[in-house]
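Enquirer: Here's a structure for you.
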Amino acid sequence: MALKTEKIWLDGVLVHWEDAKVHVLSHALHYGTAYFEGIRCYELADGRSAVFRLEEHMRRLADSGKILGFPLPYSVEQLCQATKEVIRANKLKACYIRPLAFLGLGELGVYAPQNPVNVCIAVWPWGAYLGDDGIKNGIRAKVSSYTRHHVNVTMTKSKTSANYVNSVLAKAEVKKAGYDEAIMLDTEGYVSEASGENIFIVRGGKIKTTPLTSILPGITRESIITLARDKGYDVTEERFTRDELYIADEAFLTGTAAELTPVREVDDRQIGAGKRGPITEDMQTIFFDVIKGKAAEKYAKWLAYV
């Protein structure tokens with residue numbers, strides 16, 4: 001992954017990549033007071049470029065700021081336009097997009113209500129987060145010893161930078177043990193989500209995913225639920241246990257970075273046939289058709305053309 005591109009949008013202005021700097025005493029660097037999104041732009045089958053569910057992502061960014069108490073200084077519409085502007089400026093047909101809002105330089109106590117909210121949008125080429133082989137053949141996951149956030153400990157519906165230390169610890173733990181991704185349980189022992197993805201299981205032809213309790217409301221997750229139900233699958237949002245995950249016929253992760261990645265093994269237990277299952281493959285085909293602009297017209301509203 002090469003992060004460097006030509007331009008980054010910073011506080012309303014396109015600046016050179018090298019000039020997108022902040023002060024070392026910025027509040028967010030010390031206390032994690034930042035929130036962000038992960039978005040993808042795809043090159044479509046017809047050669048055009050489009051951002052997948054851009055407005056929904058920017059709305060969630062705005063929601064994160066409201067939840068944390070330091071809202072965005074820009075409108076959702078302004079940030080959507082800025083995203084397209086920075087993609088065009090970098091001459092990219094497909095890319096990953098990272099909007100970030102953070103408390104900047106000012107007071108350095110925990111309470112700093114007067115600090116400015118700075119906003120940047122960066123873009124760069126990025127392939128499959130869990131690898132091309134993972135997309136096709138599935139990944140090996142391990143349940144982490146780190147528990148996912150409780151709703152009274154932090155704001156789980158805000159995509160807050162500080163929350164991701166939890167993910168960093170979980171991911172590092174399982175990677176060092178030889179696995180690809182961490183599965184995290186909630187404080188009551190039910191399956192919550194992965195370090196950066198939502199999780200689905202399939203059993204008896206029915207699809208199940210964790211409800212919006214301890215998890216971040218994933219936009220890819222919501223897209224997959226919609227697509228699966230439109231295809232006629234039975235989809236429920238219901239808590240499930242680790243052993244229910246073990247005996248699933250199929251399992252897969254969803255997220256902007258991971259897209260839709262099968263899970264072939266959890267805690268050294270083979271999931272189903274130990275490879276991408278038929279329903280997982282079907283949902284991948286449907287999803288990738290949508291993001292490439294090859295699906296039914298009803299999903300065209302999910303694509304923001306650059």
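Identifiers for the structure tokens are assigned positionally: chains receive A, B, ... in sequence, residues are indexed from 1 per chain, and ligands are indexed from 1 in the order shown.
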Which of range 250-298 of chain A end up as strand (DSSP E or B) when DSSP is run on this backbone - answer as a PyMOL selection string?

Expert: chain A and resi 250-255+259-266+269-270

Enquirer: Which polymer residues have any atom within 7 Å of an atom of range 74-91 of chain A, counting only C-alpha atoms, with same-chain residues fewer than 5 positions away left out, as a VMD selection string?

Expert: chain A and resid 5 to 9 54 to 55 58 to 59 121 123 306

Enquirer: Write out as a ChimeraX atom specification which residues come within 6 Å of Val263 in chain A when counting only C-alpha atoms, dropping same-chain ones fewer than 4 positions away.

Expert: /A:138-139,251-252

Enquirer: Would you pick out the contacts of Ala141 in chain A at 6 Å or less, using only C-alpha atoms, so that residues sharing its chain but fewer than 2 positions from it are not included, and give the list as number ranges by chain?

Expert: A: 179-182, 266

Enquirer: Report as a ChimeraX atom specification all protein, DNA and RNA residues lying within 12 Å of Ile67 in chain A, evaluated on only C-alpha atoms, omitting residues in the same chain fewer than 5 positions from it.

Expert: /A:33-35,60-62,72,154-160
